[in-house]
file upload_0.txt (compact mmCIF, C-alpha atoms)
# COMPACT_ATOMS: atom_id res chain seq x y z
CA MET A 1 10.09 -16.46 -1.68
CA ASP A 2 7.20 -18.53 -2.99
CA GLY A 3 4.99 -17.81 0.01
CA VAL A 4 1.27 -17.49 0.70
CA HIS A 5 1.65 -13.72 0.62
CA ASP A 6 2.04 -13.97 -3.17
CA MET A 7 -1.67 -14.55 -3.72
CA GLY A 8 -2.41 -12.98 -7.09
CA GLY A 9 -4.71 -15.35 -8.99
CA MET A 10 -5.38 -17.80 -6.17
CA ASP A 11 -8.95 -19.11 -5.90
CA GLY A 12 -11.10 -19.93 -2.92
CA PHE A 13 -10.82 -16.88 -0.68
CA GLY A 14 -14.41 -15.88 -1.34
CA LYS A 15 -16.14 -12.54 -1.74
CA VAL A 16 -14.67 -9.15 -0.94
CA GLU A 17 -16.46 -7.97 2.19
CA VAL A 18 -16.70 -4.21 2.63
CA GLU A 19 -17.16 -2.68 6.07
CA GLN A 20 -19.19 0.51 6.01
CA ASN A 21 -17.81 3.53 7.88
CA GLU A 22 -14.66 1.67 8.78
CA PRO A 23 -12.57 3.36 11.50
CA ALA A 24 -8.86 4.07 10.98
CA PHE A 25 -8.12 1.46 13.63
CA HIS A 26 -10.40 -1.20 15.12
CA GLU A 27 -8.36 -1.52 18.30
CA ARG A 28 -6.04 0.94 19.97
CA TRP A 29 -3.06 -1.41 19.68
CA GLU A 30 -3.32 -1.37 15.87
CA GLY A 31 -2.46 2.32 15.78
CA ARG A 32 0.48 1.80 18.14
CA VAL A 33 1.84 -0.97 15.90
CA MET A 34 1.45 1.14 12.76
CA ALA A 35 3.29 4.02 14.41
CA MET A 36 6.07 1.82 15.84
CA VAL A 37 6.70 0.22 12.47
CA ARG A 38 6.89 3.62 10.79
CA THR A 39 9.21 5.11 13.41
CA ILE A 40 11.64 2.20 13.63
CA GLY A 41 11.79 2.22 9.84
CA ALA A 42 12.20 5.98 9.55
CA ASN A 43 15.10 6.10 12.00
CA GLY A 44 17.01 3.39 10.24
CA GLY A 45 16.24 0.38 12.46
CA LEU A 46 14.66 -1.85 9.80
CA ASN A 47 14.25 -1.04 6.12
CA ILE A 48 10.89 -1.54 4.39
CA ASP A 49 12.02 -4.58 2.40
CA THR A 50 13.37 -6.28 5.51
CA GLN A 51 10.04 -5.69 7.20
CA ARG A 52 8.09 -7.03 4.21
CA PHE A 53 10.27 -10.13 4.08
CA SER A 54 9.74 -10.85 7.76
CA ARG A 55 5.94 -10.62 7.24
CA GLU A 56 6.17 -12.98 4.27
CA SER A 57 8.25 -15.35 6.37
CA LEU A 58 5.56 -15.84 9.01
CA PRO A 59 4.30 -19.45 8.97
CA PRO A 60 1.65 -19.67 6.21
CA ALA A 61 -1.23 -20.61 8.50
CA LEU A 62 -0.36 -17.77 10.88
CA TYR A 63 -0.06 -15.33 7.97
CA LEU A 64 -3.50 -16.21 6.63
CA ALA A 65 -5.17 -16.18 10.04
CA SER A 66 -3.71 -12.86 11.20
CA SER A 67 -5.10 -9.40 10.60
CA TYR A 68 -2.93 -6.87 8.79
CA TYR A 69 -1.67 -5.12 11.89
CA ARG A 70 -1.13 -8.40 13.74
CA LYS A 71 1.15 -9.49 10.89
CA TRP A 72 2.96 -6.15 11.17
CA PHE A 73 3.37 -6.66 14.90
CA LEU A 74 4.54 -10.27 14.76
CA ALA A 75 7.06 -9.39 12.05
CA LEU A 76 8.29 -6.31 13.90
CA GLU A 77 8.78 -8.31 17.09
CA ARG A 78 10.64 -11.09 15.28
CA SER A 79 12.85 -8.75 13.26
CA MET A 80 13.85 -6.70 16.28
CA ILE A 81 14.62 -9.81 18.30
CA ALA A 82 16.61 -11.32 15.42
CA ARG A 83 18.74 -8.16 15.20
CA GLY A 84 19.36 -7.94 18.92
CA MET A 85 17.43 -4.66 19.18
CA VAL A 86 15.16 -6.14 21.83
CA GLY A 87 15.19 -9.45 23.71
CA ALA A 88 12.31 -11.91 23.87
CA ASP A 89 12.78 -11.81 27.65
CA GLU A 90 12.30 -8.03 27.59
CA ILE A 91 8.99 -8.27 25.73
CA GLU A 92 7.99 -11.04 28.15
CA SER A 93 8.72 -8.87 31.17
CA GLY A 94 7.57 -5.61 29.56
CA ARG A 95 10.80 -3.86 30.60
CA SER A 96 14.15 -3.03 29.09
CA LEU A 97 16.65 -5.32 30.82
CA ARG A 98 19.85 -4.21 29.09
CA GLN A 99 21.32 -1.59 26.81
CA SER A 100 20.80 -2.00 23.08
CA PRO A 101 22.53 -0.27 20.19
CA PRO A 102 20.78 3.03 19.38
CA LEU A 103 18.83 3.48 16.14
CA PRO A 104 21.08 4.83 13.34
CA ARG A 105 19.13 8.11 13.39
CA GLY A 106 18.58 8.20 17.15
CA THR A 107 15.38 8.37 19.18
CA PHE A 108 12.27 8.95 17.09
CA SER A 109 10.77 12.07 18.67
CA MET A 110 8.23 14.79 17.89
CA LYS A 111 10.63 16.58 15.54
CA ASP A 112 10.65 13.48 13.29
CA VAL A 113 6.87 13.18 12.93
CA GLU A 114 6.50 15.51 9.97
CA ARG A 115 9.18 13.59 8.07
CA VAL A 116 7.46 10.23 8.50
CA MET A 117 4.14 11.56 7.20
CA THR A 118 5.65 11.72 3.71
CA ARG A 119 6.66 8.46 2.13
CA GLY A 120 10.38 7.98 1.78
CA SER A 121 11.94 8.38 -1.64
CA PHE A 122 13.24 5.25 -3.31
CA GLY A 123 14.55 6.91 -6.47
CA ARG A 124 18.33 6.65 -6.95
CA ASP A 125 20.86 7.75 -9.55
CA PRO A 126 21.23 5.17 -12.31
CA ALA A 127 24.57 3.54 -13.03
CA ALA A 128 23.62 2.90 -16.67
CA PRO A 129 20.86 3.88 -19.10
CA PRO A 130 17.69 1.72 -19.11
CA ALA A 131 18.00 -1.49 -21.13
CA PHE A 132 14.42 -1.27 -22.40
CA LYS A 133 12.30 1.44 -23.95
CA VAL A 134 8.56 2.02 -24.03
CA GLY A 135 6.93 -0.42 -26.46
CA ASP A 136 9.58 -3.15 -26.10
CA ARG A 137 8.31 -6.69 -25.71
CA VAL A 138 9.78 -8.37 -22.65
CA ARG A 139 9.41 -11.64 -20.77
CA THR A 140 9.62 -11.94 -17.01
CA LYS A 141 12.24 -14.38 -15.86
CA ASN A 142 11.25 -17.68 -14.34
CA ILE A 143 13.02 -17.14 -11.02
CA HIS A 144 12.18 -18.52 -7.58
CA PRO A 145 14.50 -16.92 -5.04
CA ALA A 146 14.04 -18.21 -1.49
CA THR A 147 14.49 -14.61 -0.33
CA HIS A 148 12.43 -11.45 -0.87
CA THR A 149 11.40 -10.50 -4.39
CA ARG A 150 8.72 -8.23 -5.85
CA LEU A 151 8.13 -10.35 -8.95
CA PRO A 152 4.80 -12.10 -8.35
CA ARG A 153 4.47 -15.78 -9.32
CA TYR A 154 1.47 -15.23 -11.59
CA VAL A 155 3.52 -13.24 -14.11
CA ARG A 156 6.74 -15.29 -14.12
CA GLY A 157 7.71 -16.55 -17.55
CA HIS A 158 5.08 -14.42 -19.29
CA ALA A 159 5.46 -11.90 -22.10
CA GLY A 160 4.32 -8.30 -21.86
CA VAL A 161 5.08 -4.81 -23.10
CA ILE A 162 7.01 -1.97 -21.45
CA GLU A 163 4.48 0.80 -20.96
CA ARG A 164 6.29 3.27 -18.71
CA ILE A 165 9.79 3.83 -17.37
CA ASN A 166 9.42 4.94 -13.76
CA GLY A 167 12.98 5.89 -12.92
CA CYS A 168 15.74 4.06 -11.13
CA HIS A 169 14.89 2.70 -7.65
CA VAL A 170 16.26 0.84 -4.65
CA PHE A 171 16.22 -2.87 -5.52
CA PRO A 172 14.09 -4.65 -2.89
CA ASP A 173 15.67 -8.05 -3.54
CA THR A 174 19.08 -6.90 -2.28
CA ASN A 175 17.83 -4.32 0.20
CA ALA A 176 15.83 -7.01 2.03
CA ARG A 177 19.00 -9.05 2.48
CA GLY A 178 20.89 -6.09 3.90
CA GLU A 179 23.08 -6.00 0.78
CA GLY A 180 22.36 -2.39 -0.14
CA ASP A 181 20.33 -0.40 -2.65
CA HIS A 182 21.73 -1.75 -5.95
CA PRO A 183 19.49 0.72 -7.84
CA GLN A 184 17.64 -0.72 -10.83
CA TRP A 185 15.43 0.72 -13.54
CA LEU A 186 11.75 0.24 -12.81
CA TYR A 187 9.18 -0.32 -15.56
CA THR A 188 5.44 -0.71 -15.82
CA VAL A 189 4.99 -3.93 -17.81
CA VAL A 190 1.52 -4.72 -19.09
CA PHE A 191 0.23 -8.20 -19.90
CA ASP A 192 -2.88 -9.37 -21.72
CA GLY A 193 -5.24 -11.31 -19.49
CA SER A 194 -5.06 -14.32 -21.81
CA GLU A 195 -1.25 -14.40 -21.53
CA LEU A 196 -1.59 -14.82 -17.76
CA TRP A 197 -4.79 -16.82 -17.39
CA GLY A 198 -5.20 -18.61 -20.69
CA PRO A 199 -8.04 -18.74 -23.18
CA ASP A 200 -10.78 -18.50 -20.53
CA SER A 201 -9.53 -15.12 -19.33
CA ASP A 202 -11.75 -12.07 -19.47
CA PRO A 203 -10.90 -10.80 -22.99
CA THR A 204 -11.01 -7.18 -21.83
CA LEU A 205 -8.46 -7.69 -19.04
CA LYS A 206 -5.00 -6.16 -18.97
CA VAL A 207 -2.77 -6.43 -15.89
CA SER A 208 0.42 -4.53 -15.17
CA ILE A 209 3.17 -4.96 -12.62
CA GLU A 210 6.01 -2.67 -11.62
CA ALA A 211 9.06 -4.65 -12.71
CA PHE A 212 12.70 -4.04 -11.87
CA GLU A 213 15.08 -4.50 -14.78
CA PRO A 214 16.73 -7.70 -13.42
CA TYR A 215 13.30 -9.39 -13.57
CA LEU A 216 13.07 -8.93 -17.33
CA GLU A 217 14.55 -10.27 -20.54
CA ARG A 218 13.84 -9.39 -24.14
CA ALA A 219 10.93 -11.38 -25.59
CA MET B 1 -12.57 -7.05 16.74
CA SER B 2 -15.33 -4.54 17.15
CA GLY B 3 -15.85 -1.31 15.33
CA HIS B 4 -17.00 0.99 18.09
CA HIS B 5 -13.71 2.19 19.52
CA HIS B 6 -13.26 4.99 17.04
CA ASP B 7 -16.34 6.77 18.32
CA ASP B 8 -14.51 7.63 21.46
CA HIS B 9 -10.89 6.81 20.90
CA HIS B 10 -9.60 9.22 23.50
CA HIS B 11 -10.97 7.00 26.22
CA HIS B 12 -9.03 3.91 25.13
CA HIS B 13 -11.90 1.54 25.69
CA ASP B 14 -9.68 -1.45 25.24
CA ASP B 15 -7.97 -0.53 28.50
CA ASP B 16 -11.27 -1.09 30.28
CA HIS B 17 -11.67 -4.69 29.22
CA SER B 18 -11.19 -6.97 32.17
CA GLU B 19 -9.25 -9.38 30.02
CA LEU B 20 -6.68 -7.86 27.71
CA SER B 21 -5.92 -9.82 24.57
CA GLU B 22 -2.51 -11.38 24.25
CA THR B 23 -1.64 -9.19 21.26
CA GLN B 24 -2.68 -6.07 23.12
CA LEU B 25 -0.46 -6.97 26.07
CA ARG B 26 2.51 -7.78 23.87
CA VAL B 27 2.14 -4.55 21.89
CA ARG B 28 2.06 -2.59 25.11
CA ALA B 29 5.12 -4.46 26.37
CA LEU B 30 7.04 -3.78 23.17
CA GLU B 31 6.16 -0.10 23.26
CA THR B 32 7.40 0.15 26.86
CA VAL B 33 10.64 -1.61 25.97
CA LEU B 34 11.22 0.60 22.91
CA THR B 35 10.51 3.70 24.98
CA GLU B 36 12.86 2.65 27.79
CA LYS B 37 15.60 1.90 25.27
CA GLY B 38 15.26 5.38 23.82
CA TYR B 39 14.09 4.17 20.41
CA VAL B 40 10.80 6.06 20.39
CA ASP B 41 9.06 8.85 22.24
CA PRO B 42 5.46 7.68 22.85
CA LYS B 43 4.24 11.23 22.20
CA ALA B 44 5.52 10.93 18.64
CA LEU B 45 3.56 7.68 18.29
CA ASP B 46 0.45 9.53 19.53
CA ALA B 47 0.98 12.24 16.92
CA ILE B 48 1.30 9.74 14.07
CA VAL B 49 -1.82 7.82 15.13
CA GLU B 50 -3.77 11.03 15.49
CA ALA B 51 -2.75 12.27 12.05
CA TYR B 52 -4.11 9.12 10.42
CA GLU B 53 -7.28 9.26 12.50
CA THR B 54 -8.06 12.89 11.80
CA LYS B 55 -6.06 14.47 8.97
CA ILE B 56 -4.98 12.00 6.34
CA GLY B 57 -7.80 10.34 4.47
CA PRO B 58 -9.63 10.06 1.18
CA ARG B 59 -10.84 13.67 1.35
CA ASN B 60 -7.30 14.60 0.27
CA GLY B 61 -7.62 12.47 -2.86
CA ALA B 62 -11.14 13.72 -3.51
CA ALA B 63 -9.85 17.30 -3.61
CA VAL B 64 -7.26 16.25 -6.18
CA VAL B 65 -9.90 14.58 -8.36
CA ALA B 66 -12.30 17.54 -8.12
CA ARG B 67 -9.52 19.91 -9.18
CA ALA B 68 -8.68 17.69 -12.15
CA TRP B 69 -12.36 17.69 -13.16
CA THR B 70 -12.53 21.47 -13.20
CA ASP B 71 -9.03 22.55 -14.29
CA PRO B 72 -7.75 21.00 -17.55
CA ALA B 73 -4.21 22.29 -17.03
CA PHE B 74 -4.09 20.66 -13.59
CA LYS B 75 -5.45 17.42 -15.04
CA THR B 76 -2.70 17.36 -17.68
CA ALA B 77 -0.08 18.00 -15.00
CA LEU B 78 -1.60 15.32 -12.74
CA LEU B 79 -1.47 12.65 -15.43
CA LYS B 80 2.09 13.65 -16.29
CA ASP B 81 3.51 13.68 -12.74
CA ALA B 82 1.00 13.25 -9.94
CA SER B 83 3.51 13.80 -7.12
CA LYS B 84 4.47 17.17 -8.56
CA ALA B 85 0.90 18.21 -9.39
CA VAL B 86 -0.53 17.27 -5.99
CA ALA B 87 2.27 19.18 -4.28
CA THR B 88 0.97 22.38 -5.90
CA LEU B 89 -2.32 21.99 -4.01
CA GLY B 90 -1.58 23.60 -0.68
CA HIS B 91 -4.53 22.05 1.16
CA VAL B 92 -3.52 18.46 0.47
CA SER B 93 -0.97 16.78 2.73
CA ARG B 94 2.54 16.36 1.38
CA VAL B 95 3.06 13.48 -1.01
CA GLY B 96 6.07 11.34 -1.63
CA ASP B 97 7.67 10.58 -4.96
CA HIS B 98 6.30 8.37 -7.69
CA LEU B 99 2.57 8.88 -7.32
CA ILE B 100 0.89 7.99 -10.61
CA ALA B 101 -2.66 9.01 -11.54
CA VAL B 102 -4.47 6.80 -14.05
CA GLU B 103 -7.51 8.08 -15.88
CA ASN B 104 -10.77 6.23 -16.39
CA THR B 105 -12.37 6.80 -19.79
CA PRO B 106 -15.42 5.30 -21.52
CA ALA B 107 -12.97 2.77 -23.07
CA THR B 108 -10.86 1.87 -20.00
CA HIS B 109 -11.55 1.31 -16.32
CA ASN B 110 -8.57 1.20 -13.95
CA MET B 111 -8.30 -0.74 -10.70
CA ILE B 112 -5.46 -0.70 -8.15
CA VAL B 113 -4.28 -3.67 -6.08
CA CYS B 114 -1.18 -4.91 -4.30
CA THR B 115 -1.15 -8.69 -4.57
CA LEU B 116 2.09 -9.12 -2.56
CA CYS B 117 1.25 -7.01 0.49
CA SER B 118 -1.01 -3.97 0.63
CA CYS B 119 0.77 -1.01 -0.98
CA TYR B 120 -1.63 1.91 -1.12
CA PRO B 121 -1.37 5.68 -1.66
CA TRP B 122 -1.62 6.59 2.05
CA GLU B 123 -0.95 10.27 1.53
CA VAL B 124 -3.95 10.83 -0.72
CA LEU B 125 -6.33 8.10 0.50
CA GLY B 126 -5.34 7.53 4.13
CA LEU B 127 -4.92 4.05 5.57
CA PRO B 128 -6.15 1.20 3.39
CA PRO B 129 -9.49 -0.36 4.33
CA VAL B 130 -9.51 -3.96 5.60
CA TRP B 131 -10.98 -5.29 2.33
CA TYR B 132 -8.07 -3.86 0.32
CA LYS B 133 -5.64 -5.80 2.53
CA SER B 134 -7.73 -8.97 2.50
CA SER B 135 -6.92 -12.23 0.73
CA PRO B 136 -10.14 -12.18 -1.37
CA TYR B 137 -9.25 -8.83 -2.94
CA ARG B 138 -5.52 -9.44 -3.35
CA SER B 139 -6.08 -12.84 -4.96
CA ARG B 140 -8.96 -12.01 -7.29
CA ALA B 141 -8.38 -8.46 -8.51
CA VAL B 142 -5.78 -9.49 -11.11
CA LYS B 143 -7.74 -12.49 -12.41
CA ASP B 144 -11.43 -11.69 -12.04
CA PRO B 145 -11.78 -7.91 -11.66
CA ARG B 146 -15.36 -7.95 -12.95
CA GLY B 147 -16.23 -10.45 -10.22
CA VAL B 148 -14.64 -8.11 -7.68
CA LEU B 149 -16.58 -5.16 -9.11
CA ALA B 150 -19.77 -7.22 -8.76
CA ASP B 151 -18.99 -7.60 -5.03
CA PHE B 152 -19.08 -3.79 -4.94
CA GLY B 153 -22.34 -3.71 -6.88
CA VAL B 154 -20.64 -2.30 -9.97
CA SER B 155 -21.23 -3.61 -13.47
CA LEU B 156 -19.37 -2.15 -16.46
CA PRO B 157 -20.14 -2.56 -20.17
CA ASN B 158 -18.83 -5.84 -21.62
CA GLU B 159 -16.51 -4.02 -24.02
CA THR B 160 -14.85 -1.76 -21.43
CA GLU B 161 -11.20 -2.67 -21.01
CA ILE B 162 -10.35 -3.43 -17.39
CA ARG B 163 -6.83 -2.42 -16.50
CA VAL B 164 -5.50 -3.69 -13.19
CA TRP B 165 -2.35 -2.09 -11.75
CA ASP B 166 -0.48 -4.37 -9.34
CA SER B 167 1.55 -2.08 -7.03
CA THR B 168 4.64 -4.26 -6.80
CA ALA B 169 7.18 -1.46 -6.21
CA GLU B 170 7.37 1.99 -4.59
CA THR B 171 5.24 3.64 -7.24
CA ARG B 172 1.73 4.37 -5.95
CA PHE B 173 -1.46 4.74 -7.95
CA ILE B 174 -4.64 6.76 -7.72
CA VAL B 175 -7.53 6.39 -10.16
CA LEU B 176 -8.95 9.54 -11.71
CA PRO B 177 -12.59 8.53 -12.17
CA MET B 178 -14.87 9.99 -14.85
CA ARG B 179 -16.79 13.08 -13.87
CA PRO B 180 -20.46 12.17 -13.42
CA ALA B 181 -22.94 13.57 -15.92
CA GLY B 182 -25.23 16.33 -14.71
CA THR B 183 -22.56 18.16 -12.73
CA GLU B 184 -21.92 21.00 -15.17
CA GLY B 185 -21.09 24.22 -13.39
CA TRP B 186 -20.59 22.56 -10.01
CA SER B 187 -17.95 23.96 -7.67
CA GLU B 188 -14.85 21.96 -6.78
CA GLU B 189 -16.11 21.54 -3.21
CA LYS B 190 -19.44 20.16 -4.36
CA LEU B 191 -17.79 17.83 -6.87
CA ALA B 192 -15.39 16.52 -4.22
CA GLU B 193 -18.38 15.22 -2.26
CA LEU B 194 -19.13 12.83 -5.12
CA VAL B 195 -15.65 11.32 -5.04
CA THR B 196 -15.59 8.20 -2.88
CA ARG B 197 -12.49 6.41 -1.63
CA ASP B 198 -13.39 3.29 -3.61
CA SER B 199 -13.80 5.29 -6.83
CA MET B 200 -10.14 6.31 -6.48
CA ILE B 201 -9.10 2.66 -6.02
CA GLY B 202 -11.23 1.68 -8.98
CA THR B 203 -13.57 -0.75 -7.24
CA SER B 204 -16.44 1.69 -7.51
CA LEU B 205 -17.68 4.74 -9.40
CA PRO B 206 -18.23 8.26 -8.07
CA LYS B 207 -21.65 9.09 -6.67
CA THR B 208 -24.10 10.58 -9.15
CA PRO B 209 -25.85 13.90 -8.50
CA ASP B 210 -29.20 12.24 -7.84
CA ALA B 211 -27.79 9.54 -5.52
CA LYS B 212 -25.94 12.07 -3.43
call {"tool": "encode", "arguments": {"input": "upload_0.txt", "output": "structure tokens"}}
result
Amino acid sequence: MDGVHDMGGMDGFGKVEVEQNEPAFHERWEGRVMAMVRTIGANGGLNIDTQRFSRESLPPALYLASSYYRKWFLALERSMIARGMVGADEIESGRSLRQSPPLPRGTFSMKDVERVMTRGSFGRDPAAPPAFKVGDRVRTKNIHPATHTRLPRYVRGHAGVIERINGCHVFPDTNARGEGDHPQWLYTVVFDGSELWGPDSDPTLKVSIEAFEPYLERA
Amino acid sequence: MSGHHHDDHHHHHDDDHSELSETQLRVRALETVLTEKGYVDPKALDAIVEAYETKIGPRNGAAVVARAWTDPAFKTALLKDASKAVATLGHVSRVGDHLIAVENTPATHNMIVCTLCSCYPWEVLGLPPVWYKSSPYRSRAVKDPRGVLADFGVSLPNETEIRVWDSTAETRFIVLPMRPAGTEGWSEEKLAELVTRDSMIGTSLPKTPDAK
């Protein structure tokens, strides 16, 4: 979706402010949210692309005004309510008021902790060989799906070069819609700064994205 | 938002506030509901939070960088397949697939961003800092990286190529910075102390021996 989350190249947000000696969490609830998101994901409740899409779908003003973990929380709450995993009335009352379907992999307990500390693997067996090879010139498609995609706006319609082939991965665009993995080849595609930002670009700039094969066509 | 809670996180200062924030109350309510429904064991949540507060942080990445600076065979392996290479270091936490190390040279400086959300190599750098997740960084890194570097007090030669890696998929990146001059013969442990978190994101450079 063409949302405010897709902010590469936007102006006006100001300087990057660095906090010295930043703690892991600024408030206790932030850690609880991080852990809940990881556990519900790890035990099959909500996949990562679904969770990303629900964060992107927050109203733009709310998205921009909310801290990282607040966005995670609001999206978690909304996704779980939308899927009937919890009721808004239950969060309101702070109690479980009815039975809900169990998580596909059951209760997340101590035995699952070690597993969640390593990032899940998104590599999948390919159905066909990659369509592009290193060095090929490609152009990103000019697509604007209303649903989740990992092709940022600032590269759409631009020409670049395949620099790496990073294997075959779960395709976020279908996974976010609950339509399955549909594994796709993943490439590092590198663009000249001037291709993206025009003649005033920093002449020494090169930018790459990680592009799934369906995002690309031969240039 | 205040930064003092981490000094004494076992005491849960936020519980002492007379007025709990709405978010805090809702998070607590959701956790209770998820616990009562049998979705999560709160002890497992404690363990995850604690791991990120105490075990998983940029020291893991710094050990990887220091090894690469002192062991050419490891450096070659790291640049070829960082997930595999890091896994051979017993003292670093386990890493997932598709970690990619990118090397800074006199000709090229690398910088990592995630413009769409905040993808970050948690296993080697810990949780991302607030600035990495902020709109200013996510919007500007791909268009004006030298301006971003200036915010960090870093200025690179005009002819250095700046390469920005936008983490738009499940690959994750770590920058292998250049080893500072004047560190010949240093031990891995001593070198690791020069490796800052930001130097592995590419918004900064390692400390120099005299600035240490």
call {"tool": "interface_residues", "arguments": {"input": "upload_0.txt", "of": "chain A", "to": "chain B", "cutoff": "6 Å", "atoms": "all atoms listed in the file", "output": "count of residues only"}}
result
35
call {"tool": "residues_around", "arguments": {"input": "upload_0.txt", "residues": "Phe212 of chain A", "least_positions_apart": "2", "cutoff": "12 Å", "atoms": "only C-alpha atoms", "output": "VMD selection string"}}
result
(chain A and resid 130 to 132 138 140 to 141 149 to 152 162 164 to 174 182 to 189 209 to 210 214 to 217) or (chain B and resid 168 to 171)
call {"tool": "closest_residue", "arguments": {"input": "upload_0.txt", "among": "A:Thr39, A:Gly12, A:Arg28, A:Asp89", "to": "Glu114 of chain A", "atoms": "only C-alpha atoms"}}
result
A:Thr39
call {"tool": "atom_distance", "arguments": {"input": "upload_0.txt", "atom1": "atom CA of Asp192 of chain A", "atom2": "atom CA of Glu213 of chain A"}}
result
19.9 Å
call {"tool": "residues_around", "arguments": {"input": "upload_0.txt", "residues": "segment 57-64 of chain A", "least_positions_apart": "4", "cutoff": "9 Å", "atoms": "only C-alpha atoms", "output": "PyMOL selection string"}}
result
(chain A and resi 1+3-5+52-53+68+71+74-75) or (chain B and resi 135)
call {"tool": "closest_residue", "arguments": {"input": "upload_0.txt", "among": "A:Arg78, A:His144, A:Lys15, A:His158", "to": "Ser54 of chain A", "atoms": "only C-alpha atoms"}}
result
A:Arg78
call {"tool": "atom_distance", "arguments": {"input": "upload_0.txt", "atom1": "atom CA of Ala146 of chain A", "atom2": "atom CA of Ser79 of chain A"}}
result
17.6 Å
call {"tool": "axis_aligned_box", "arguments": {"input": "upload_0.txt", "around": "segment 154-170 of chain B", "padding_each_side": "3 Å", "output": "JSON"}}
result
{"center_x": -6.9, "center_y": -1.9, "center_z": -14.3, "size_x": 34.6, "size_y": 13.8, "size_z": 25.4}
call {"tool": "decode", "arguments": {"input": "upload_0.txt", "residues": "segment 107-118 of chain A", "atoms": "N, CA and C atoms", "output": "short mmCIF file (atom, residue, chain, number, x, y, z; two decimals), in the first residue's frame"}}
result
data_model
loop_
_atom_site.label_atom_id
_atom_site.label_comp_id
_atom_site.auth_asym_id
_atom_site.auth_seq_id
_atom_site.Cartn_x
_atom_site.Cartn_y
_atom_site.Cartn_z
N THR A 107 0.50 -23.14 23.37
CA THR A 107 0.94 -22.09 24.30
C THR A 107 2.42 -21.81 24.11
N PHE A 108 2.80 -20.55 24.05
CA PHE A 108 4.23 -20.22 24.00
C PHE A 108 4.76 -20.28 25.43
N SER A 109 5.66 -21.24 25.68
CA SER A 109 6.17 -21.42 27.05
C SER A 109 7.69 -21.38 27.04
N MET A 110 8.27 -21.63 28.22
CA MET A 110 9.72 -21.51 28.38
C MET A 110 10.50 -22.33 27.35
N LYS A 111 9.96 -23.51 27.00
CA LYS A 111 10.69 -24.37 26.07
C LYS A 111 10.80 -23.75 24.67
N ASP A 112 9.98 -22.75 24.39
CA ASP A 112 9.98 -22.11 23.07
C ASP A 112 10.92 -20.90 22.98
N VAL A 113 11.43 -20.47 24.14
CA VAL A 113 12.18 -19.21 24.18
C VAL A 113 13.42 -19.27 23.30
N GLU A 114 14.18 -20.35 23.42
CA GLU A 114 15.42 -20.48 22.66
C GLU A 114 15.16 -20.35 21.15
N ARG A 115 14.06 -20.96 20.72
CA ARG A 115 13.71 -20.94 19.29
C ARG A 115 13.45 -19.52 18.79
N VAL A 116 12.80 -18.71 19.62
CA VAL A 116 12.42 -17.37 19.16
C VAL A 116 13.61 -16.40 19.16
N MET A 117 14.69 -16.79 19.84
CA MET A 117 15.86 -15.91 19.87
C MET A 117 16.63 -15.95 18.55
N THR A 118 16.35 -16.92 17.71
CA THR A 118 16.95 -16.95 16.38
C THR A 118 15.86 -16.60 15.38
#
